[in-house]
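data-v6.cif follows; it contains mmCIF, C-alpha atoms.
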data_protein
#
loop_
_atom_site.label_atom_id
_atom_site.label_comp_id
_atom_site.auth_asym_id
_atom_site.auth_seq_id
_atom_site.Cartn_x
_atom_site.Cartn_y
_atom_site.Cartn_z
CA MET Y 1 107.54 106.32 136.85
CA ALA Y 2 110.87 104.51 137.05
CA PHE Y 3 110.85 101.19 135.20
CA GLU Y 4 113.14 99.34 137.58
CA LEU Y 5 112.50 96.12 139.47
CA PRO Y 6 113.68 95.62 143.09
CA ALA Y 7 117.06 94.01 143.72
CA SER Y 8 117.17 90.23 143.76
CA LYS Y 9 116.33 88.70 147.16
CA GLY Y 10 115.85 85.04 146.28
CA PRO Y 11 113.90 83.12 143.62
CA VAL Y 12 110.59 82.99 145.49
CA ARG Y 13 110.53 86.67 146.41
CA ASP Y 14 111.73 87.62 142.93
CA LEU Y 15 108.86 85.63 141.39
CA ALA Y 16 106.33 87.24 143.72
CA ASN Y 17 107.71 90.74 143.09
CA GLU Y 18 107.71 90.29 139.34
CA ALA Y 19 104.20 88.86 139.32
CA GLY Y 20 102.93 91.77 141.40
CA HIS Y 21 104.70 94.37 139.27
CA THR Y 22 103.41 92.74 136.08
CA LEU Y 23 99.83 92.78 137.37
CA GLY Y 24 100.15 96.42 138.39
CA PHE Y 25 101.68 97.28 135.03
CA ALA Y 26 98.82 95.50 133.26
CA LEU Y 27 96.22 97.53 135.15
CA GLN Y 28 98.09 100.75 134.41
CA ALA Y 29 98.42 99.87 130.72
CA ILE Y 30 94.74 98.99 130.29
CA GLY Y 31 93.71 102.10 132.22
CA ALA Y 32 96.02 104.29 130.11
CA LEU Y 33 94.57 102.82 126.92
CA VAL Y 34 90.98 103.49 128.03
CA VAL Y 35 91.72 107.02 129.27
CA ALA Y 36 93.76 107.95 126.21
CA THR Y 37 91.05 106.65 123.90
CA PHE Y 38 88.17 108.51 125.55
CA ARG Y 39 90.18 111.72 125.95
CA ARG Y 40 91.44 111.49 122.36
CA ARG Y 41 95.08 111.49 123.42
CA LEU Y 42 95.92 108.15 121.83
CA SER Y 43 98.43 108.56 119.02
CA ILE Y 44 96.66 107.45 115.85
CA ALA Y 45 99.86 107.52 113.82
CA GLU Y 46 101.75 105.32 116.29
CA THR Y 47 98.81 102.91 116.49
CA LEU Y 48 98.64 102.59 112.70
CA ASN Y 49 102.40 102.13 112.44
CA GLN Y 50 102.35 99.39 115.08
CA THR Y 51 99.34 97.73 113.44
CA VAL Y 52 101.14 97.56 110.11
CA PHE Y 53 104.34 96.38 111.79
CA ILE Y 54 102.70 93.63 113.85
CA GLY Y 55 100.59 92.52 110.91
CA ARG Y 56 103.62 92.38 108.63
CA VAL Y 57 105.70 90.22 110.96
CA SER Y 58 102.83 87.94 112.05
CA THR Y 59 100.59 87.28 109.05
CA GLY Y 60 102.97 85.27 106.88
CA PRO Y 61 104.23 82.92 109.60
CA SER Y 62 100.69 82.41 110.94
CA LEU Y 63 99.25 81.35 107.60
CA LEU Y 64 102.26 79.18 106.78
CA LEU Y 65 101.91 77.48 110.16
CA MET Y 66 98.15 76.99 109.87
CA ILE Y 67 98.31 75.22 106.49
CA PRO Y 68 100.31 72.20 107.77
CA VAL Y 69 98.33 72.22 111.01
CA GLY Y 70 95.09 72.07 109.03
CA VAL Y 71 96.43 69.30 106.81
CA PHE Y 72 97.66 67.36 109.85
CA ILE Y 73 94.24 67.62 111.46
CA ALA Y 74 92.59 66.54 108.22
CA VAL Y 75 94.92 63.54 107.86
CA SER Y 76 94.46 62.46 111.48
CA VAL Y 77 90.72 62.93 111.42
CA GLY Y 78 90.36 61.31 108.00
CA GLU Y 79 92.34 58.23 109.01
CA LEU Y 80 90.44 57.78 112.27
CA ALA Y 81 87.05 58.48 110.72
CA GLY Y 82 87.78 56.05 107.88
CA ARG Y 83 88.60 53.26 110.31
CA ILE Y 84 85.30 53.60 112.15
CA GLY Y 85 83.26 54.29 109.01
CA ALA Y 86 82.50 57.93 109.77
CA GLY Y 87 84.47 59.68 107.06
CA GLY Y 88 81.54 61.97 106.32
CA TYR Y 89 81.80 63.55 109.79
CA SER Y 90 85.22 65.09 109.23
CA GLY Y 91 83.60 68.49 108.80
CA ALA Y 92 82.22 68.31 112.33
CA VAL Y 93 85.62 67.53 113.81
CA VAL Y 94 87.25 70.31 111.79
CA ALA Y 95 84.61 72.75 113.06
CA PHE Y 96 85.39 71.82 116.65
CA VAL Y 97 89.18 71.60 116.45
CA ILE Y 98 90.10 74.43 114.09
CA VAL Y 99 87.36 76.96 114.75
CA GLY Y 100 87.13 76.28 118.47
CA GLN Y 101 90.75 75.71 119.44
CA ALA Y 102 93.51 75.71 116.83
CA SER Y 103 92.88 79.09 115.20
CA ALA Y 104 93.05 81.05 118.46
CA LEU Y 105 96.07 79.09 119.68
CA VAL Y 106 98.04 79.57 116.46
CA CYS Y 107 97.21 83.27 116.58
CA ALA Y 108 98.35 83.42 120.20
CA LEU Y 109 101.63 81.63 119.48
CA MET Y 110 102.41 84.06 116.68
CA MET Y 111 101.48 87.09 118.78
CA ALA Y 112 103.63 85.88 121.66
CA GLY Y 113 106.53 84.43 119.73
CA VAL Y 114 106.81 86.78 116.75
CA ALA Y 115 105.03 90.06 117.54
CA GLY Y 116 105.80 89.88 121.26
CA SER Y 117 109.51 89.34 120.72
CA ALA Y 118 109.63 92.22 118.23
CA ILE Y 119 107.83 94.57 120.64
CA CYS Y 120 110.05 93.54 123.54
CA THR Y 121 113.19 94.05 121.45
CA ASP Y 122 112.05 97.50 120.33
CA LEU Y 123 111.21 98.75 123.81
CA GLY Y 124 114.23 97.04 125.37
CA SER Y 125 116.53 98.77 122.89
CA ARG Y 126 114.94 102.10 123.73
CA LYS Y 127 115.37 101.37 127.41
CA ILE Y 128 119.10 100.62 127.26
CA ARG Y 129 119.66 103.65 124.98
CA GLU Y 130 117.97 105.70 127.73
CA GLU Y 131 115.26 106.96 125.40
CA VAL Y 132 112.59 105.89 127.90
CA ASP Y 133 114.40 107.80 130.66
CA ALA Y 134 114.53 110.88 128.43
CA MET Y 135 110.78 110.69 127.85
CA GLU Y 136 110.20 110.52 131.61
CA VAL Y 137 112.46 113.54 132.17
CA MET Y 138 110.39 115.48 129.63
CA GLY Y 139 107.25 114.61 131.59
CA LEU Y 140 105.75 112.31 128.96
CA ASN Y 141 103.56 109.38 129.95
CA VAL Y 142 105.58 106.43 128.69
CA ILE Y 143 102.77 103.92 129.09
CA GLU Y 144 100.33 106.13 127.21
CA ARG Y 145 102.82 106.94 124.44
CA LEU Y 146 104.51 103.56 123.94
CA VAL Y 147 102.42 100.81 125.53
CA ALA Y 148 98.81 101.77 124.78
CA PRO Y 149 99.22 102.03 120.97
CA ARG Y 150 100.94 98.64 120.88
CA ILE Y 151 98.18 96.99 122.90
CA LEU Y 152 95.46 98.37 120.63
CA ALA Y 153 97.43 97.44 117.51
CA ALA Y 154 97.98 93.89 118.78
CA ILE Y 155 94.27 93.46 119.49
CA ILE Y 156 93.30 94.71 116.01
CA VAL Y 157 95.82 92.44 114.30
CA SER Y 158 94.82 89.43 116.41
CA LEU Y 159 91.16 89.75 115.42
CA VAL Y 160 91.97 89.95 111.72
CA LEU Y 161 94.62 87.26 112.00
CA CYS Y 162 92.31 84.84 113.81
CA SER Y 163 89.75 85.21 111.02
CA LEU Y 164 92.35 84.60 108.31
CA ILE Y 165 93.79 81.61 110.17
CA THR Y 166 90.33 80.07 110.58
CA VAL Y 167 89.57 80.40 106.87
CA THR Y 168 92.99 78.99 105.95
CA GLY Y 169 92.71 76.00 108.27
CA VAL Y 170 89.17 75.10 107.23
CA GLY Y 171 90.12 75.55 103.57
CA ALA Y 172 93.12 73.24 103.90
CA CYS Y 173 90.97 70.54 105.51
CA TYR Y 174 88.27 71.00 102.87
CA LEU Y 175 90.70 70.61 99.98
CA TYR Y 176 92.28 67.54 101.59
CA HIS Y 177 88.83 66.05 102.13
CA ILE Y 178 87.93 66.46 98.46
CA TYR Y 179 91.13 65.96 96.46
CA VAL Y 180 93.04 63.50 98.66
CA GLN Y 181 90.36 61.45 100.38
CA HIS Y 182 88.00 61.80 97.38
CA LEU Y 183 85.00 62.24 99.63
CA PRO Y 184 81.93 64.28 98.65
CA ALA Y 185 82.09 67.98 99.40
CA GLY Y 186 78.45 68.00 100.46
CA ALA Y 187 79.08 65.66 103.38
CA PHE Y 188 81.89 67.89 104.67
CA MET Y 189 79.83 71.07 104.39
CA ALA Y 190 76.72 69.44 105.88
CA THR Y 191 78.46 68.25 109.04
CA PHE Y 192 80.53 71.44 109.26
CA SER Y 193 77.42 73.62 109.15
CA GLN Y 194 75.58 71.29 111.54
CA TYR Y 195 78.24 71.21 114.26
CA GLY Y 196 80.03 74.46 113.58
CA ARG Y 197 78.44 77.36 115.46
CA PHE Y 198 78.88 81.08 115.19
CA SER Y 199 79.42 81.18 118.94
CA ASP Y 200 82.54 79.01 118.48
CA PHE Y 201 83.99 81.60 116.12
CA VAL Y 202 83.06 84.43 118.48
CA MET Y 203 84.78 82.60 121.32
CA ALA Y 204 87.87 82.18 119.14
CA LEU Y 205 87.93 85.95 118.59
CA VAL Y 206 87.53 86.55 122.33
CA LYS Y 207 90.41 84.19 123.03
CA ALA Y 208 92.57 85.86 120.38
CA THR Y 209 91.89 89.27 121.93
CA ILE Y 210 92.78 88.11 125.45
CA PHE Y 211 95.87 86.29 124.19
CA ALA Y 212 97.05 89.36 122.28
CA LEU Y 213 96.43 91.58 125.31
CA THR Y 214 98.34 89.22 127.59
CA SER Y 215 101.27 88.73 125.22
CA THR Y 216 101.64 92.45 124.53
CA ILE Y 217 101.51 93.41 128.20
CA VAL Y 218 104.19 90.84 129.05
CA ALA Y 219 106.35 91.94 126.10
CA THR Y 220 106.10 95.64 126.91
CA PHE Y 221 106.71 95.02 130.61
CA LYS Y 222 109.84 93.00 129.92
CA GLY Y 223 111.06 95.46 127.34
CA LEU Y 224 110.66 98.51 129.55
CA HIS Y 225 112.37 96.72 132.45
CA ALA Y 226 115.31 95.40 130.43
CA ARG Y 227 118.74 96.13 131.82
CA GLY Y 228 122.30 95.01 131.31
CA GLY Y 229 122.88 96.10 127.73
CA PRO Y 230 122.16 94.03 124.60
CA ARG Y 231 122.42 90.78 126.53
CA GLY Y 232 119.79 92.03 128.96
CA VAL Y 233 117.47 92.78 126.04
CA ALA Y 234 117.95 89.25 124.69
CA ASP Y 235 117.22 87.79 128.12
CA ALA Y 236 114.10 89.95 128.41
CA VAL Y 237 112.84 88.72 125.02
CA ASN Y 238 113.36 85.07 125.99
CA GLU Y 239 111.59 85.56 129.30
CA ALA Y 240 108.71 87.42 127.66
CA VAL Y 241 108.12 84.66 125.11
CA VAL Y 242 108.21 81.87 127.71
CA ILE Y 243 105.93 83.69 130.17
CA ALA Y 244 103.48 84.64 127.39
CA PHE Y 245 103.30 81.03 126.18
CA ALA Y 246 102.60 79.79 129.70
CA LEU Y 247 99.89 82.38 130.32
CA VAL Y 248 98.29 81.69 126.95
CA PHE Y 249 97.83 77.99 127.72
CA ILE Y 250 96.53 78.76 131.21
CA PHE Y 251 93.98 81.28 129.93
CA ASN Y 252 93.01 78.96 127.08
CA THR Y 253 92.19 76.18 129.54
CA ILE Y 254 90.13 78.52 131.72
CA LEU Y 255 88.22 80.07 128.81
CA SER Y 256 87.55 76.69 127.19
CA GLN Y 257 86.10 75.33 130.43
CA LEU Y 258 83.95 78.43 130.93
CA TYR Y 259 82.69 78.17 127.35
CA THR Y 260 81.61 74.56 127.77
CA VAL Y 261 79.69 75.55 130.90
CA ILE Y 262 78.02 78.63 129.43
CA VAL Y 263 77.28 77.33 125.90
CA PRO Y 264 75.78 73.81 125.75
CA ALA Y 265 77.12 71.31 123.24
CA VAL Y 266 75.32 70.69 119.96
CA GLY Y 267 72.36 68.41 120.59
CA ALA Y 268 72.37 68.96 124.35
CA TYR Y 269 69.16 69.98 126.06
#

Write the structure described by the file as structure tokens, please.
Amino acid sequence: MAFELPASKGPVRDLANEAGHTLGFALQAIGALVVATFRRRLSIAETLNQTVFIGRVSTGPSLLLMIPVGVFIAVSVGELAGRIGAGGYSGAVVAFVIVGQASALVCALMMAGVAGSAICTDLGSRKIREEVDAMEVMGLNVIERLVAPRILAAIIVSLVLCSLITVTGVGACYLYHIYVQHLPAGAFMATFSQYGRFSDFVMALVKATIFALTSTIVATFKGLHARGGPRGVADAVNEAVVIAFALVFIFNTILSQLYTVIVPAVGAY
């Protein structure tokens, strides 16, 4: 397999060609991951190394980002709820916003912006040093050796990261509710347990998995198709981050709408 895109023939045709090649690459990558896993050809060492690497570069920024996001949500919700006399329902809003939306989105932004850029840089550097070409000459399956472990590692990290982000965000709102607003902890926990559902958390994990899969496929595709030296690698990283962000918000909208259709709201019959 030669990781080269067709020559430029105009913006519209370039966009169509790249979209088609990306979709084909995604199917190949997912298929290689499934086949390598069932045939026990997946490199465990490479998967563990990538899991540790992605977790190391993503965990700190994600938690540091989620703390101010959680506090901002708590401040906004607390101010609005106080004005309408519903300060005791802040736990319900936190359950909907953080568990249902914010945790998966923060995880996705970190996977696309931090982990995705690191993956794209790594593979792009290998591409311009002709290491990928050397692997192809030796008859090695590049997608199975380089892409599949990174996809699996990204999915594992995203699941753990989404759980940590959810706990951090809810904890920040809880502490603000008690120590800043001086409201009873029981009211927060009562409304949180009443309106917060396990299905919301499961949906957040599903979103995080899809977002990690999408971001990693885009990053690996751009990295393996980088050309033009170090500047080409930098351009590939920028394109990968922008495309991953756009796809994340599109998929988030679709999944959120499907969830509201499949799972009825609390109190609905």

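Going from atom CA of Ala26 of chain Y to atom CA of Leu224 of chain Y covers 12.8 Å.
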
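Of the listed residues Y:Val52, Y:Ala102, Y:Ala45, Y:Ala204, the one whose atoms come nearest to Arg145 of chain Y is Y:Ala45, with distances taken using only C-alpha atoms.
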
Completion exercise
Nearest to Leu63 of chain Y, restricted to all atoms listed in the file and choosing among Y:Cys107, Y:Val180, Y:Val202, Y:Cys173, comes out as Y:Cys107

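Evaluated on this file, the PyMOL selection byres ((chain Y and resi 73) around 9) matches Pro68, Val69, Gly70, Val71, Phe72, Ala74, Val75, Ser76, Val77, Gly78, Val93, Val94, Val97, Ile98 and Cys173 of chain Y.
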
Problem - atom CA of Glu136 of chain Y to atom CA of Gly229 of chain Y, straight-line distance in Å - result: 19.6 Å

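With atom CA of Gln50 of chain Y on one side and atom CA of Asn238 of chain Y on the other, the separation reads 21.1 Å.
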
If I wrap all listed atoms of segment 130-140 of chain Y in a box with edges along x, y and z and add 5 Å on each side, what are its centre and edge lengths in Å to one decimal, as JSON?
{"center_x": 111.9, "center_y": 110.6, "center_z": 128.8, "size_x": 22.2, "size_y": 19.8, "size_z": 16.8}

Exercise for the section: Given the file shown, enumerate the residues that the PyMOL selection byres ((chain Y and resi 146-156) around 10) captures and present them as a PyMOL selection string. Expected result: chain Y and resi 28-37+42-55+111+115-116+119+123+132+141-145+157-161+205+208-217+219-221+224

Problem - Hits of the PyMOL selection byres ((chain Y and resi 199) around 12) in this structure, as a ChimeraX atom specification - result: /Y:95-96,99-100,195-198,200-206,259-260,262-266

Problem - From Y:Leu64, Y:Val57, Y:Ala112, Y:Arg227, residue lying nearest Arg129 of chain Y [all atoms listed in the file] - result: Y:Arg227

Using all atoms listed in the file, which protein or nucleic acid residues come within 10 Å of Phe249 of chain Y? Drop anything in the same chain fewer than 3 positions from it, and give the result as a compact mmCIF listing (two decimals) with C-alpha atoms, in the frame of the given file.
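So part_11.txt came out as:
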# COMPACT_ATOMS: atom_id res chain seq x y z
CA LEU Y 105 96.07 79.09 119.68
CA ALA Y 108 98.35 83.42 120.20
CA LEU Y 109 101.63 81.63 119.48
CA PHE Y 211 95.87 86.29 124.19
CA ALA Y 244 103.48 84.64 127.39
CA PHE Y 245 103.30 81.03 126.18
CA ALA Y 246 102.60 79.79 129.70
CA ASN Y 252 93.01 78.96 127.08
CA THR Y 253 92.19 76.18 129.54
CA ILE Y 254 90.13 78.52 131.72
CA LEU Y 255 88.22 80.07 128.81

Practice task
Just the residues within 9 Å of Ser125 of chain Y, please, counting only C-alpha atoms, with nothing from its chain fewer than 2 positions along; format it as a ChimeraX atom specification.
Solution key: /Y:120-123,127-131,223-224,226,229-230,233
